[in-house]
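One structure is given here, and the rest of the page talks about it.
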Amino acid sequence: MEIQAYRAEDLFDWVTQEGQEFTLLDVRNNEEFGRFKVEGPQLSKMINIPYMEFIELEEESVARVEVPKDEPIRIVCAKEGSAKFVGEILANNGWTDVRYLEGGIKTWGNMLAPKLIASQKGYELYQFIRPGKASCSYGLIYKNEMVVFDPSRNIDFYRHFAGERGSKLVKTFETHLQADYISGSQPLSVKTGAQIVGHENDFQGAAFEYKAVKDQDTFSFSEGGPEIRAIHMPGHTPGSTCYLIDSRYLVSGDTVFIMSIGRPDLGGKAEEWSKLLYGTLKTKIAELNDDVIVLPGHYIEWSEANSEHLFIDTLGSIKQKNADIYGIDEEAEFVRFIQDNMRTQPDEYAQIRKVNAGLLDVDDEDQEIMDLGKNECAASMYSPQ
């Protein structure tokens with residue numbers, strides 16, 4: 001029996017909107033499922049039964065699908081084929097609403113969901129949520145120009161998004177040298193001519209041209225528009241730089257999260273970078289108004305999203321939620337906090353840094369593998385309250 005496909009964008013709608021009752025059946029092996037799975041605030045039913053078990057023990061595996069046969073089942077696998085195969089088995093066993101993810105889990109891993117943050121003073125500010133990585137990039141449009149912040153490797157999305165709005169991509173801002181995902185800045189620059197902006201403490205020696213940003217540098221558009229002010233905030237990396245848009249919105253990269261802060265141990269210099277981060281919290285962050293709206297580079301849980309499913313919050317609210325961090329008043333105590341929360345970083349992070357500096361050429365298939373999976377960038381991991 002022929003069954004229908006669904007897209008990653010459909011899945012995002014289903015796992016974020018109320019009233020979308022379905023069971024998600026992931027047929028990848030247990031190891032892959034444990035490393036990276038679909039998440040969403042409205043996803044309440046998910047089961048993992050590996051594809052190979054359907055091949056070797058079809059009857060027993062079908063019996064494990066404890067879902068009424070008139071209820072929707074949406075299947076996920078690595079590359080599409082296994083999900084389609086299992087879907088056909090279930091359809092042949094009486095399930096009437098079965099669909100498989102087109103393109104496999106990598107389409108979920110790369111999918112970006114645009115959300116409008118603000119439309120005012122002639123500009124539009126967007127958050128692009130990447131649920132497969134629990135990360136966010138941003139786009140700012142003024143008249144016929146667009147700039148992006150920390151783009152993912154899904155460059156076709158950004159180009160299409162800009163084109164639909166009659167805008168040209170002119171700059172791509174990097175808050176730091178990313179370790180957890182492959183940046184789209186280099187290929188975007190090649191395709192569109194957009195200027196790459198990053199701090200030399202992270203990008204010195206990079207194998208591509210970029211504008212070295214300095215603390216308090218300001219940027220605008222060809223015809224004015226909102227000011228973008230760079231604020232050097234070392235700690236997560238030595239070159240970490242946040243961008244304050246219109247004196248109101250702070251693209252914080254991996255420095256400030258809604259829950260926790262960016263971990264300063266990924267470069268193998270935990271104590272040295274912890275001291276940098278402590279200084280940033282006590283000076284640069286402390287100098288900002290509490291009503292500044294933080295636009296983080298990552299989130300830990302969907303519980304951090306607001307009622308509009310945006311991952312944004314005021315700096316004052318974030319300080320209150322993370323009072324145990326922001327309330328640390330001694331550098332040595334802060335270093336101990338970081339050391340107590342250190343975790344082993346994924347092996348691929350070192351390779352991703354090289355790719356993002358243009359020092360390692362990796363084919364598209366290997367990039368897909370390296371880039372898949374949730375981020376591990378927070379200094380401490382919170383359970384949802």
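Chains: A, B, ... in order of the structure tokens. Residues: from 1 per chain. Ligands: from 1, in order shown.
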
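The shell of residues at most 6 Å from region 364-381 of chain A, with only C-alpha atoms counted and near chain neighbours (fewer than 2 positions) removed, consists of Phe36, Lys133, Ala134, Asp180, Tyr181, Ser260, Ile261, Gly262, Arg263 and Asn341 of chain A.
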
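Closest approach to His236 (chain A) from the set A:Ile338, A:Lys282, A:Tyr210, A:Ser220 is made by A:Ile338, with distances taken over only C-alpha atoms.
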
field: Backbone DSSP call of strand (DSSP E or B) for region 91-230 of chain A, listed as an MDAnalysis selection string
entry: chainID A and resid 98:101 113:120 123:130 135:142 145:149 152 168:173 183 195:198 211:212 218:221 224:230

task: Write out as a PyMOL selection string the residues lying within 12 Å of Ser61 (chain A), counting only C-alpha atoms and excluding same-chain residues fewer than 2 positions away.
output: chain A and resi 25+27+47-59+63-66+86+89-90+93

Expected file contents, prior selection, C-alpha atoms, as a short mmCIF file (atom, residue, chain, number, x, y, z; two decimals), in the first residue's frame:
data_model
loop_
_atom_site.label_atom_id
_atom_site.label_comp_id
_atom_site.auth_asym_id
_atom_site.auth_seq_id
_atom_site.Cartn_x
_atom_site.Cartn_y
_atom_site.Cartn_z
CA LEU A 25 7.50 6.39 15.68
CA VAL A 27 12.73 3.56 13.65
CA ILE A 47 8.19 5.43 20.63
CA ASN A 48 11.42 3.92 19.33
CA ILE A 49 11.31 0.55 17.57
CA PRO A 50 14.36 0.00 15.32
CA TYR A 51 13.79 -0.72 11.66
CA MET A 52 15.83 -3.94 11.83
CA GLU A 53 13.40 -5.36 14.36
CA PHE A 54 10.57 -4.89 11.88
CA ILE A 55 12.62 -6.85 9.35
CA GLU A 56 13.65 -9.67 11.69
CA LEU A 57 10.63 -9.77 14.02
CA GLU A 58 7.81 -8.17 12.11
CA GLU A 59 4.90 -9.64 14.04
CA ALA A 63 2.49 -5.74 18.35
CA ARG A 64 4.70 -3.20 20.16
CA VAL A 65 3.03 -0.33 18.28
CA GLU A 66 0.38 0.15 20.93
CA VAL A 86 7.81 0.37 8.17
CA ILE A 89 3.99 -2.70 7.09
CA LEU A 90 1.74 -0.80 9.48
CA ASN A 93 -1.67 -4.38 9.29
#

- request: Give the alpha helix (DSSP H) residues of region 40-131 of chain A, as DSSP finds them on the backbone, and put them as a VMD selection string.
  value: chain A and resid 51 to 56 58 to 64 81 to 92 105 to 110

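Comparing the minimum interatomic distances between Glu2 (chain A) and each of A:Glu88, A:Glu39, A:Glu21, A:Glu71, counting only C-alpha atoms, we find that A:Glu88 sits nearest.
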
Ser303 (chain A) environment, 8 Å, only C-alpha atoms, sequence neighbours closer than 2 positions dropped, as a list in words: Pro41, Glu301, Ala305, Asn306 and Pro384 of chain A

- prompt: Residues at most 8 Å from region 163-176 of chain A, counting only C-alpha atoms, excluding those fewer than 2 positions away in the same chain, as a PyMOL selection string?
  reply: chain A and resi 141+143-151+159-161+178+185+189+192-199+202+237+239-243+252-254

I need the residues from that last selection saved to file as a short mmCIF file (atom, residue, chain, number, x, y, z; two decimals), in the first residue's frame (with N, CA and C atoms), if you can.
data_model
loop_
_atom_site.label_atom_id
_atom_site.label_comp_id
_atom_site.auth_asym_id
_atom_site.auth_seq_id
_atom_site.Cartn_x
_atom_site.Cartn_y
_atom_site.Cartn_z
N ILE A 141 16.01 42.90 8.55
CA ILE A 141 15.74 43.47 7.23
C ILE A 141 15.40 44.95 7.36
N LYS A 143 14.53 48.01 4.51
CA LYS A 143 14.31 48.33 3.10
C LYS A 143 14.67 47.11 2.24
N ASN A 144 15.67 47.21 1.36
CA ASN A 144 15.93 46.09 0.46
C ASN A 144 17.21 45.34 0.82
N GLU A 145 17.61 45.40 2.09
CA GLU A 145 18.82 44.71 2.53
C GLU A 145 18.52 43.86 3.76
N MET A 146 19.26 42.76 3.85
CA MET A 146 19.11 41.85 4.99
C MET A 146 20.48 41.46 5.51
N VAL A 147 20.61 41.40 6.84
CA VAL A 147 21.80 40.86 7.47
C VAL A 147 21.37 39.68 8.33
N VAL A 148 22.26 38.72 8.51
CA VAL A 148 21.95 37.54 9.32
C VAL A 148 23.00 37.41 10.42
N PHE A 149 22.61 36.74 11.49
CA PHE A 149 23.48 36.51 12.62
C PHE A 149 23.56 35.01 12.88
N ASP A 150 24.77 34.47 12.89
CA ASP A 150 25.03 33.06 13.17
C ASP A 150 24.20 32.11 12.30
N PRO A 151 24.27 32.26 10.98
CA PRO A 151 23.49 31.38 10.10
C PRO A 151 23.97 29.93 10.15
N ARG A 159 18.70 32.52 1.70
CA ARG A 159 18.63 33.17 0.39
C ARG A 159 17.18 33.27 -0.08
N HIS A 160 16.43 32.20 0.11
CA HIS A 160 15.03 32.20 -0.30
C HIS A 160 14.23 33.19 0.55
N PHE A 161 14.52 33.21 1.85
CA PHE A 161 13.80 34.11 2.76
C PHE A 161 14.03 35.56 2.37
N GLN A 178 31.94 29.01 15.86
CA GLN A 178 31.04 27.96 16.33
C GLN A 178 31.75 26.61 16.43
N SER A 185 28.07 31.05 7.09
CA SER A 185 28.61 32.35 6.66
C SER A 185 29.49 32.24 5.43
N SER A 189 28.57 33.91 1.86
CA SER A 189 29.43 34.95 1.30
C SER A 189 29.81 34.63 -0.15
N THR A 192 26.47 35.08 -2.30
CA THR A 192 25.78 36.36 -2.33
C THR A 192 26.72 37.57 -2.28
N GLY A 193 27.99 37.34 -1.92
CA GLY A 193 28.91 38.45 -1.74
C GLY A 193 28.78 39.12 -0.40
N ALA A 194 27.97 38.55 0.51
CA ALA A 194 27.78 39.14 1.84
C ALA A 194 29.10 39.18 2.59
N GLN A 195 29.34 40.27 3.28
CA GLN A 195 30.56 40.42 4.07
C GLN A 195 30.43 39.64 5.38
N ILE A 196 31.45 38.89 5.74
CA ILE A 196 31.49 38.16 7.00
C ILE A 196 32.10 39.06 8.07
N VAL A 197 31.45 39.13 9.23
CA VAL A 197 31.93 39.95 10.33
C VAL A 197 32.18 39.04 11.53
N GLY A 198 33.38 39.10 12.09
CA GLY A 198 33.72 38.29 13.26
C GLY A 198 34.91 38.87 13.98
N HIS A 199 35.13 38.45 15.21
CA HIS A 199 36.23 38.98 16.01
C HIS A 199 37.51 38.22 15.72
N ASP A 202 38.87 35.05 17.51
CA ASP A 202 38.36 33.74 17.09
C ASP A 202 38.73 33.41 15.65
N THR A 237 34.18 32.01 24.15
CA THR A 237 35.43 31.98 23.37
C THR A 237 36.09 33.34 23.59
N GLY A 239 36.88 35.49 21.44
CA GLY A 239 36.36 36.49 20.52
C GLY A 239 34.86 36.68 20.59
N SER A 240 34.19 36.04 21.52
CA SER A 240 32.73 36.13 21.59
C SER A 240 32.28 37.59 21.58
N THR A 241 31.35 37.89 20.68
CA THR A 241 30.86 39.24 20.49
C THR A 241 29.35 39.21 20.36
N CYS A 242 28.69 40.05 21.14
CA CYS A 242 27.24 40.18 21.02
C CYS A 242 26.92 41.42 20.19
N TYR A 243 25.71 41.46 19.64
CA TYR A 243 25.31 42.57 18.78
C TYR A 243 24.01 43.16 19.29
N SER A 252 22.88 37.45 21.51
CA SER A 252 23.87 37.12 22.54
C SER A 252 24.75 35.93 22.21
N GLY A 253 24.50 35.27 21.06
CA GLY A 253 25.33 34.11 20.72
C GLY A 253 25.28 33.08 21.82
N ASP A 254 26.46 32.60 22.22
CA ASP A 254 26.54 31.60 23.29
C ASP A 254 27.05 32.21 24.59
#

Need the shell around Ile105 (chain A): protein/DNA/RNA residues with any atom at most 7 Å away, counting only C-alpha atoms. Skip same-chain ones fewer than 3 positions apart. Format as a compact mmCIF listing (two decimals) with N, CA and C atoms, in the first residue's frame?
# COMPACT_ATOMS: atom_id res chain seq x y z
N VAL A 76 9.72 8.38 11.56
CA VAL A 76 11.01 9.04 11.33
C VAL A 76 12.08 7.98 11.20
N CYS A 77 13.00 8.16 10.24
CA CYS A 77 14.17 7.29 10.15
C CYS A 77 15.36 8.14 9.72
N ALA A 78 16.47 7.50 9.43
CA ALA A 78 17.68 8.24 9.09
C ALA A 78 17.59 8.89 7.72
N LYS A 79 17.14 8.14 6.71
CA LYS A 79 17.22 8.65 5.34
C LYS A 79 15.91 8.61 4.55
N TRP A 108 14.87 17.30 9.37
CA TRP A 108 14.49 17.90 10.66
C TRP A 108 15.69 18.62 11.27
N GLY A 109 16.86 18.00 11.14
CA GLY A 109 18.06 18.61 11.70
C GLY A 109 18.43 19.93 11.06

message: Just want the 10 Å neighbourhood of Val15 (chain A), counted on only C-alpha atoms, with same-chain residues fewer than 5 positions away dropped. Output as JSON, numbers by chain.
response: {"A": [10, 20, 21, 22, 24, 38, 39, 40, 41, 42, 43, 44]}

Once you have the residues from the selection above, write them out as an mmCIF file, in the first residue's frame, restricted to N, CA and C atoms.
data_model
loop_
_atom_site.group_PDB
_atom_site.id
_atom_site.type_symbol
_atom_site.label_atom_id
_atom_site.label_comp_id
_atom_site.auth_asym_id
_atom_site.auth_seq_id
_atom_site.Cartn_x
_atom_site.Cartn_y
_atom_site.Cartn_z
ATOM 1 N N ASP A 10 6.087 20.394 8.340
ATOM 2 C CA ASP A 10 4.828 19.867 8.871
ATOM 3 C C ASP A 10 5.030 19.368 10.297
ATOM 4 N N GLN A 20 -2.776 18.803 17.934
ATOM 5 C CA GLN A 20 -2.234 17.923 16.899
ATOM 6 C C GLN A 20 -1.859 16.572 17.525
ATOM 7 N N GLU A 21 -2.842 15.726 17.725
ATOM 8 C CA GLU A 21 -2.621 14.445 18.385
ATOM 9 C C GLU A 21 -2.088 13.414 17.390
ATOM 10 N N PHE A 22 -0.912 12.868 17.675
ATOM 11 C CA PHE A 22 -0.339 11.818 16.840
ATOM 12 C C PHE A 22 0.762 11.124 17.634
ATOM 13 N N LEU A 24 4.632 9.702 17.288
ATOM 14 C CA LEU A 24 5.843 9.725 16.466
ATOM 15 C C LEU A 24 6.593 8.417 16.693
ATOM 16 N N VAL A 38 13.567 13.956 17.992
ATOM 17 C CA VAL A 38 12.649 15.069 17.767
ATOM 18 C C VAL A 38 12.100 15.537 19.104
ATOM 19 N N GLU A 39 12.042 16.857 19.284
ATOM 20 C CA GLU A 39 11.472 17.438 20.492
ATOM 21 C C GLU A 39 10.484 18.531 20.110
ATOM 22 N N GLY A 40 9.524 18.779 20.981
ATOM 23 C CA GLY A 40 8.561 19.846 20.753
ATOM 24 C C GLY A 40 7.602 19.939 21.919
ATOM 25 N N PRO A 41 7.049 21.128 22.192
ATOM 26 C CA PRO A 41 6.208 21.319 23.375
ATOM 27 C C PRO A 41 4.905 20.536 23.356
ATOM 28 N N GLN A 42 4.435 20.167 22.171
ATOM 29 C CA GLN A 42 3.177 19.436 22.071
ATOM 30 C C GLN A 42 3.370 17.974 21.671
ATOM 31 N N LEU A 43 4.612 17.511 21.672
ATOM 32 C CA LEU A 43 4.875 16.109 21.322
ATOM 33 C C LEU A 43 4.764 15.256 22.579
ATOM 34 N N SER A 44 3.691 14.521 22.691
ATOM 35 C CA SER A 44 3.431 13.752 23.910
ATOM 36 C C SER A 44 3.589 12.249 23.729
#

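In this comparison, which uses only C-alpha atoms, the residue of A:Lys121, A:Asp70, A:Ile318, A:Lys115 approaching Val98 (chain A) most closely is A:Asp70.
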
task: Would you mind telling me which residue in A:Lys69, A:Asp313, A:Lys84, A:Gly94 lies nearest to Ile117 (chain A) when using only C-alpha atoms?
output: A:Asp313

field: Residue nearest Leu281 (chain A) among A:Tyr326, A:Phe311, A:Tyr138, A:Phe257 (counting only C-alpha atoms)
entry: A:Tyr326
